[in-house]
Amino acid sequence: MKISKMGSFFFFFFILLGIAAAGSGFPGIQLSDIPSSENRSGFFIFGDSYVDAGNNNYINTTDDFLANFPPYGETFFTTPTGRFSDGRIIPDFLAEYANLPLIQPYLDPKNNLYLNGVNFASGGGGALAGSHQGQAIGLQTQMKFFKRVKNSLTKRLGNARTQSFFSNSVFLFNFGGNDYLNPFDISYDIFKTLDAQEQFADMVIGNITIALKEVYKCGGRKFGFMTVPPLGYTPSSRLKKNAQFFDETSSLARVHNKLFLMAIQRLATQLDGFKYAFADTHTLLLQRILNPTKYGFKIVDTACCGSDEFRGFFNCGRKKGAIPYTLCENVQDYMFFDSYHPTEKTFEQLAKEMWSGDAHIVKPYNFKQLFQYDPFLGSQ
């Protein structure tokens, strides 16, 4: 390659970086003589349908694991995007609060710069390899995708700048719900004892911990977590009308959330510079279920979209089941959009609490503090 062509290549390359930075609201990736504290910040998301921005649109799966058809997306986007809600989801709001654009799905063929972060999440995905295997993208595959992104960025930015970028970015993890619900398709007796629940939770948390350590080795220092939601209270769970299912799923969520926090606290003592925001989204959801009017909801037991009692049959937008799905008239009245997933209104309320809530809800940092934390200066 001639020198003149090489010079042109780098000229256009840095112009592209500048354009991307201008649209993000954060400073662009700086040259080596600029202090590292001024480096760009990104947002990387791993998880399930609560945080999936549309990765499942690009995999071969069944309708149960897709949300790329009406009425999904009707509130904000006016068209389906693959998000399992009527509009935006938690990562969308957190990105907005952090002055970042919407974080795009990794599998979107138009997404190849990664300079604001990436969304790896997949509806139905779990921390365990067997959770909806072949139908969703699990944690292990999401981590493979992350390593590809790391390699891509390293080729463009170099190893030092890529590590710096990761160190200043936030990594959100949300796993567990599918791992705990999936075994009930086989038997209701798997989790009859507390010991069985704790052993299973240890496997789930162990896999998440392995992934966290891998991200840490790549430079990640700032991590965000959401707890498993109150699984027994969804419209789908209510439709079962099974006391054993309610008791065991409710217990599993509590066991996971308790042990998960303990595991994260241990990691923070083992890994130098490991900072985190642990959001008790379980409690936030339960507060709204038990006291809906306080939070502006009229209906919390029934979904806006679905069929059967509580609209608990999961056929929103789908042609399945003996009874066609129906759609509510005013989604703002509802806490759940479909049989499993909250409405945009609910997600926005949770995101606001995660962003600026106190230590009763998110600790030891909230997400605003986590994004602002400078790993190079140790400042908030």
# chains A, B, ... in the order shown; residues from 1 in each chain; ligands from 1
call {"tool": "select_by_dssp", "arguments": {"residues": "range 38-241 of chain A", "states": "strand (DSSP E)", "output": "PyMOL selection string"}}
result
chain A and resi 43-47+117-119+170-174+222-226
call {"tool": "residues_around", "arguments": {"residues": "range 71-81 of chain A", "least_positions_apart": "6", "cutoff": "12 Å", "atoms": "only C-alpha atoms", "output": "PDB file with N, CA and C atoms, in the first residue's frame"}}
result
ATOM      1  N   ASP A  52     -33.300  -7.626  25.988  1.00  0.00           N
ATOM      2  CA  ASP A  52     -33.005  -7.931  24.584  1.00  0.00           C
ATOM      3  C   ASP A  52     -33.553  -6.834  23.677  1.00  0.00           C
ATOM      4  N   ALA A  53     -32.666  -6.222  22.888  1.00  0.00           N
ATOM      5  CA  ALA A  53     -33.079  -5.149  21.979  1.00  0.00           C
ATOM      6  C   ALA A  53     -33.392  -5.652  20.576  1.00  0.00           C
ATOM      7  N   GLY A  54     -33.342  -6.978  20.363  1.00  0.00           N
ATOM      8  CA  GLY A  54     -33.720  -7.504  19.055  1.00  0.00           C
ATOM      9  C   GLY A  54     -32.780  -8.531  18.464  1.00  0.00           C
ATOM     10  N   ASN A  55     -31.880  -9.098  19.264  1.00  0.00           N
ATOM     11  CA  ASN A  55     -30.972 -10.117  18.719  1.00  0.00           C
ATOM     12  C   ASN A  55     -31.708 -11.325  18.160  1.00  0.00           C
ATOM     13  N   ASN A  56     -32.825 -11.677  18.795  1.00  0.00           N
ATOM     14  CA  ASN A  56     -33.541 -12.872  18.338  1.00  0.00           C
ATOM     15  C   ASN A  56     -34.151 -12.706  16.948  1.00  0.00           C
ATOM     16  N   ASN A  57     -34.213 -11.459  16.466  1.00  0.00           N
ATOM     17  CA  ASN A  57     -34.685 -11.244  15.090  1.00  0.00           C
ATOM     18  C   ASN A  57     -33.795 -11.942  14.075  1.00  0.00           C
ATOM     19  N   TYR A  58     -32.552 -12.209  14.461  1.00  0.00           N
ATOM     20  CA  TYR A  58     -31.555 -12.680  13.506  1.00  0.00           C
ATOM     21  C   TYR A  58     -31.139 -14.128  13.738  1.00  0.00           C
ATOM     22  N   GLY A  87     -42.794  -0.917  24.049  1.00  0.00           N
ATOM     23  CA  GLY A  87     -41.903   0.181  23.705  1.00  0.00           C
ATOM     24  C   GLY A  87     -40.489  -0.084  24.171  1.00  0.00           C
ATOM     25  N   ARG A  88     -39.916   0.912  24.850  1.00  0.00           N
ATOM     26  CA  ARG A  88     -38.529   0.798  25.293  1.00  0.00           C
ATOM     27  C   ARG A  88     -38.405  -0.103  26.512  1.00  0.00           C
ATOM     28  N   ILE A  89     -37.192  -0.595  26.697  1.00  0.00           N
ATOM     29  CA  ILE A  89     -36.877  -1.464  27.834  1.00  0.00           C
ATOM     30  C   ILE A  89     -35.782  -0.807  28.665  1.00  0.00           C
ATOM     31  N   ASP A  92     -32.564   0.821  27.244  1.00  0.00           N
ATOM     32  CA  ASP A  92     -32.830   2.001  26.426  1.00  0.00           C
ATOM     33  C   ASP A  92     -32.866   3.263  27.283  1.00  0.00           C
ATOM     34  N   LEU A 102     -29.468   4.586  21.578  1.00  0.00           N
ATOM     35  CA  LEU A 102     -29.952   3.232  21.808  1.00  0.00           C
ATOM     36  C   LEU A 102     -28.842   2.242  21.461  1.00  0.00           C
ATOM     37  N   GLN A 104     -27.412  -0.995  20.112  1.00  0.00           N
ATOM     38  CA  GLN A 104     -27.936  -1.871  19.073  1.00  0.00           C
ATOM     39  C   GLN A 104     -27.627  -3.348  19.343  1.00  0.00           C
ATOM     40  N   PRO A 105     -28.464  -4.249  18.830  1.00  0.00           N
ATOM     41  CA  PRO A 105     -28.212  -5.688  18.973  1.00  0.00           C
ATOM     42  C   PRO A 105     -26.931  -6.092  18.252  1.00  0.00           C
ATOM     43  N   ASP A 108     -27.417  -7.450  14.638  1.00  0.00           N
ATOM     44  CA  ASP A 108     -27.879  -6.555  13.585  1.00  0.00           C
ATOM     45  C   ASP A 108     -26.734  -6.361  12.590  1.00  0.00           C
ATOM     46  N   CYS A 304     -51.713  -6.737  29.225  1.00  0.00           N
ATOM     47  CA  CYS A 304     -52.390  -5.936  28.198  1.00  0.00           C
ATOM     48  C   CYS A 304     -52.667  -6.787  26.960  1.00  0.00           C
ATOM     49  N   CYS A 305     -51.814  -7.767  26.689  1.00  0.00           N
ATOM     50  CA  CYS A 305     -51.910  -8.543  25.456  1.00  0.00           C
ATOM     51  C   CYS A 305     -51.746 -10.029  25.754  1.00  0.00           C
ATOM     52  N   GLY A 306     -52.679 -10.831  25.254  1.00  0.00           N
ATOM     53  CA  GLY A 306     -52.640 -12.279  25.469  1.00  0.00           C
ATOM     54  C   GLY A 306     -54.045 -12.836  25.406  1.00  0.00           C
ATOM     55  N   ASN A 315     -49.641 -15.679  23.849  1.00  0.00           N
ATOM     56  CA  ASN A 315     -49.843 -15.691  22.397  1.00  0.00           C
ATOM     57  C   ASN A 315     -50.014 -14.272  21.843  1.00  0.00           C
ATOM     58  N   CYS A 316     -49.477 -13.285  22.545  1.00  0.00           N
ATOM     59  CA  CYS A 316     -49.563 -11.895  22.086  1.00  0.00           C
ATOM     60  C   CYS A 316     -48.940 -11.768  20.706  1.00  0.00           C
ATOM     61  N   GLY A 317     -49.741 -11.348  19.730  1.00  0.00           N
ATOM     62  CA  GLY A 317     -49.254 -11.189  18.367  1.00  0.00           C
ATOM     63  C   GLY A 317     -49.036 -12.486  17.621  1.00  0.00           C
ATOM     64  N   ARG A 318     -49.341 -13.613  18.281  1.00  0.00           N
ATOM     65  CA  ARG A 318     -49.056 -14.925  17.699  1.00  0.00           C
ATOM     66  C   ARG A 318     -50.355 -15.660  17.370  1.00  0.00           C
ATOM     67  N   TYR A 325     -55.577 -13.923  20.745  1.00  0.00           N
ATOM     68  CA  TYR A 325     -55.165 -12.917  21.720  1.00  0.00           C
ATOM     69  C   TYR A 325     -56.027 -11.663  21.573  1.00  0.00           C
ATOM     70  N   THR A 326     -56.151 -10.944  22.659  1.00  0.00           N
ATOM     71  CA  THR A 326     -56.803  -9.637  22.644  1.00  0.00           C
ATOM     72  C   THR A 326     -55.821  -8.605  23.189  1.00  0.00           C
ATOM     73  N   LEU A 327     -56.069  -7.350  22.833  1.00  0.00           N
ATOM     74  CA  LEU A 327     -55.190  -6.262  23.229  1.00  0.00           C
ATOM     75  C   LEU A 327     -55.988  -5.237  24.019  1.00  0.00           C
ATOM     76  N   CYS A 328     -55.409  -4.765  25.114  1.00  0.00           N
ATOM     77  CA  CYS A 328     -56.100  -3.793  25.954  1.00  0.00           C
ATOM     78  C   CYS A 328     -56.239  -2.458  25.222  1.00  0.00           C
ATOM     79  N   ASN A 330     -55.948   0.672  26.796  1.00  0.00           N
ATOM     80  CA  ASN A 330     -55.024   1.688  27.315  1.00  0.00           C
ATOM     81  C   ASN A 330     -53.867   1.005  28.032  1.00  0.00           C
ATOM     82  N   VAL A 331     -52.748   0.888  27.341  1.00  0.00           N
ATOM     83  CA  VAL A 331     -51.594   0.176  27.899  1.00  0.00           C
ATOM     84  C   VAL A 331     -51.043   0.887  29.129  1.00  0.00           C
ATOM     85  N   GLN A 332     -51.318   2.185  29.276  1.00  0.00           N
ATOM     86  CA  GLN A 332     -50.806   2.930  30.427  1.00  0.00           C
ATOM     87  C   GLN A 332     -51.408   2.460  31.745  1.00  0.00           C
ATOM     88  N   PHE A 337     -47.179  -6.039  29.806  1.00  0.00           N
ATOM     89  CA  PHE A 337     -47.644  -5.936  28.432  1.00  0.00           C
ATOM     90  C   PHE A 337     -48.121  -7.288  27.915  1.00  0.00           C
ATOM     91  N   ASP A 338     -47.290  -8.323  28.036  1.00  0.00           N
ATOM     92  CA  ASP A 338     -47.732  -9.669  27.672  1.00  0.00           C
ATOM     93  C   ASP A 338     -47.676 -10.551  28.909  1.00  0.00           C
ATOM     94  N   HIS A 341     -43.839 -10.088  30.338  1.00  0.00           N
ATOM     95  CA  HIS A 341     -42.971  -8.915  30.258  1.00  0.00           C
ATOM     96  C   HIS A 341     -43.693  -7.610  30.589  1.00  0.00           C
ATOM     97  N   PRO A 342     -43.038  -6.737  31.347  1.00  0.00           N
ATOM     98  CA  PRO A 342     -43.649  -5.459  31.717  1.00  0.00           C
ATOM     99  C   PRO A 342     -43.835  -4.515  30.529  1.00  0.00           C
ATOM    100  N   THR A 343     -44.653  -3.507  30.765  1.00  0.00           N
ATOM    101  CA  THR A 343     -44.870  -2.445  29.783  1.00  0.00           C
ATOM    102  C   THR A 343     -43.701  -1.463  29.812  1.00  0.00           C
ATOM    103  N   GLU A 344     -43.636  -0.621  28.771  1.00  0.00           N
ATOM    104  CA  GLU A 344     -42.629   0.436  28.754  1.00  0.00           C
ATOM    105  C   GLU A 344     -42.758   1.319  29.988  1.00  0.00           C
ATOM    106  N   LYS A 345     -43.976   1.614  30.403  1.00  0.00           N
ATOM    107  CA  LYS A 345     -44.189   2.452  31.581  1.00  0.00           C
ATOM    108  C   LYS A 345     -43.522   1.837  32.804  1.00  0.00           C
ATOM    109  N   GLU A 348     -39.694   1.985  32.457  1.00  0.00           N
ATOM    110  CA  GLU A 348     -39.168   3.334  32.685  1.00  0.00           C
ATOM    111  C   GLU A 348     -39.093   3.646  34.174  1.00  0.00           C
TER     112      GLU A 348
END
call {"tool": "select_by_dssp", "arguments": {"residues": "range 218-356 of chain A", "states": "alpha helix (DSSP H)", "output": "MDAnalysis selection string"}}
result
chainID A and resid 235:240 243:270 281:290 344:356
call {"tool": "closest_atom_pairs", "arguments": {"of": "range 340-377 of chain A", "to": "range 156-177 of chain A", "cutoff": "7 Å", "atoms": "only C-alpha atoms", "output": "Markdown table"}}
result
| residue | atom | partner | partner_atom | distance |
| --- | --- | --- | --- | --- |
| A:Phe371 | CA | A:Val170 | CA | 6.5 |
| A:Asp374 | CA | A:Asn168 | CA | 6.7 |
| A:Pro375 | CA | A:Asn168 | CA | 6.5 |
call {"tool": "residues_around", "arguments": {"residues": "range 352-363 of chain A", "least_positions_apart": "6", "cutoff": "10 Å", "atoms": "only C-alpha atoms", "output": "ChimeraX atom specification"}}
result
/A:90,93-94,97-98,224-226,276-284,369-371
call {"tool": "residues_around", "arguments": {"residues": "range 200-211 of chain A", "least_positions_apart": "5", "cutoff": "7 Å", "atoms": "only C-alpha atoms", "output": "list in words"}}
result
Ala127, Leu128, Met143, Gly176, His256 and Phe260 of chain A
call {"tool": "write_last_selection", "arguments": {"atoms": "C-alpha atoms", "output": "PDB file, in the first residue's frame"}}
result
ATOM      1  CA  ALA A 127     -26.864 -18.604  32.341  1.00  0.00           C
ATOM      2  CA  LEU A 128     -27.083 -22.394  32.004  1.00  0.00           C
ATOM      3  CA  MET A 143     -19.585 -14.183  25.820  1.00  0.00           C
ATOM      4  CA  GLY A 176     -31.789 -16.228  35.978  1.00  0.00           C
ATOM      5  CA  HIS A 256     -31.069 -16.478  43.816  1.00  0.00           C
ATOM      6  CA  PHE A 260     -26.187 -13.552  43.916  1.00  0.00           C
TER       7      PHE A 260
END
call {"tool": "closest_residue", "arguments": {"among": "A:Gln244, A:Thr227, A:Ser251, A:Ser122", "to": "Leu139 in chain A", "atoms": "only C-alpha atoms"}}
result
A:Ser122
call {"tool": "closest_residue", "arguments": {"among": "A:Tyr114, A:Phe376, A:Phe84, A:Phe145", "to": "Phe336 in chain A", "atoms": "only C-alpha atoms"}}
result
A:Phe84
call {"tool": "closest_residue", "arguments": {"among": "A:Val255, A:Glu309, A:Leu212, A:Val300", "to": "Gln197 in chain A", "atoms": "only C-alpha atoms"}}
result
A:Val255
call {"tool": "atom_distance", "arguments": {"atom1": "CA of Glu329 in chain A", "atom2": "CA of Pro235 in chain A"}}
result
17.5 Å
call {"tool": "residues_around", "arguments": {"residues": "Ala121 in chain A", "least_positions_apart": "2", "cutoff": "7 Å", "atoms": "only C-alpha atoms", "output": "ChimeraX atom specification"}}
result
/A:45-48,51-52,55,119,123
call {"tool": "write_last_selection", "arguments": {"atoms": "N, CA, C and O atoms", "output": "mmCIF file, in the first residue's frame"}}
result
data_model
loop_
_atom_site.group_PDB
_atom_site.id
_atom_site.type_symbol
_atom_site.label_atom_id
_atom_site.label_comp_id
_atom_site.auth_asym_id
_atom_site.auth_seq_id
_atom_site.Cartn_x
_atom_site.Cartn_y
_atom_site.Cartn_z
ATOM 1 N N ILE A 45 -24.587 -4.987 27.210
ATOM 2 C CA ILE A 45 -25.718 -5.649 27.866
ATOM 3 C C ILE A 45 -25.713 -7.137 27.561
ATOM 4 O O ILE A 45 -25.646 -7.546 26.400
ATOM 5 N N PHE A 46 -25.799 -7.938 28.615
ATOM 6 C CA PHE A 46 -25.914 -9.382 28.519
ATOM 7 C C PHE A 46 -27.193 -9.796 29.250
ATOM 8 O O PHE A 46 -27.487 -9.274 30.323
ATOM 9 N N GLY A 47 -27.939 -10.761 28.694
ATOM 10 C CA GLY A 47 -29.118 -11.175 29.442
ATOM 11 C C GLY A 47 -30.207 -11.804 28.616
ATOM 12 O O GLY A 47 -29.959 -12.422 27.574
ATOM 13 N N ASP A 48 -31.444 -11.617 29.074
ATOM 14 C CA ASP A 48 -32.610 -12.300 28.528
ATOM 15 C C ASP A 48 -33.595 -11.293 27.939
ATOM 16 O O ASP A 48 -33.220 -10.183 27.567
ATOM 17 N N VAL A 51 -33.998 -7.469 28.630
ATOM 18 C CA VAL A 51 -32.995 -6.500 28.147
ATOM 19 C C VAL A 51 -32.608 -6.726 26.687
ATOM 20 O O VAL A 51 -31.699 -6.077 26.172
ATOM 21 N N ASP A 52 -33.300 -7.626 25.988
ATOM 22 C CA ASP A 52 -33.005 -7.931 24.584
ATOM 23 C C ASP A 52 -33.553 -6.834 23.677
ATOM 24 O O ASP A 52 -34.748 -6.555 23.679
ATOM 25 N N ASN A 55 -31.880 -9.098 19.264
ATOM 26 C CA ASN A 55 -30.972 -10.117 18.719
ATOM 27 C C ASN A 55 -31.708 -11.325 18.160
ATOM 28 O O ASN A 55 -31.278 -11.926 17.164
ATOM 29 N N ASN A 119 -25.457 -4.657 22.568
ATOM 30 C CA ASN A 119 -26.433 -5.457 23.305
ATOM 31 C C ASN A 119 -26.347 -6.900 22.799
ATOM 32 O O ASN A 119 -26.608 -7.181 21.639
ATOM 33 N N GLY A 123 -33.896 -12.979 24.164
ATOM 34 C CA GLY A 123 -35.109 -13.451 24.813
ATOM 35 C C GLY A 123 -35.098 -14.961 24.960
ATOM 36 O O GLY A 123 -34.967 -15.686 23.981
#
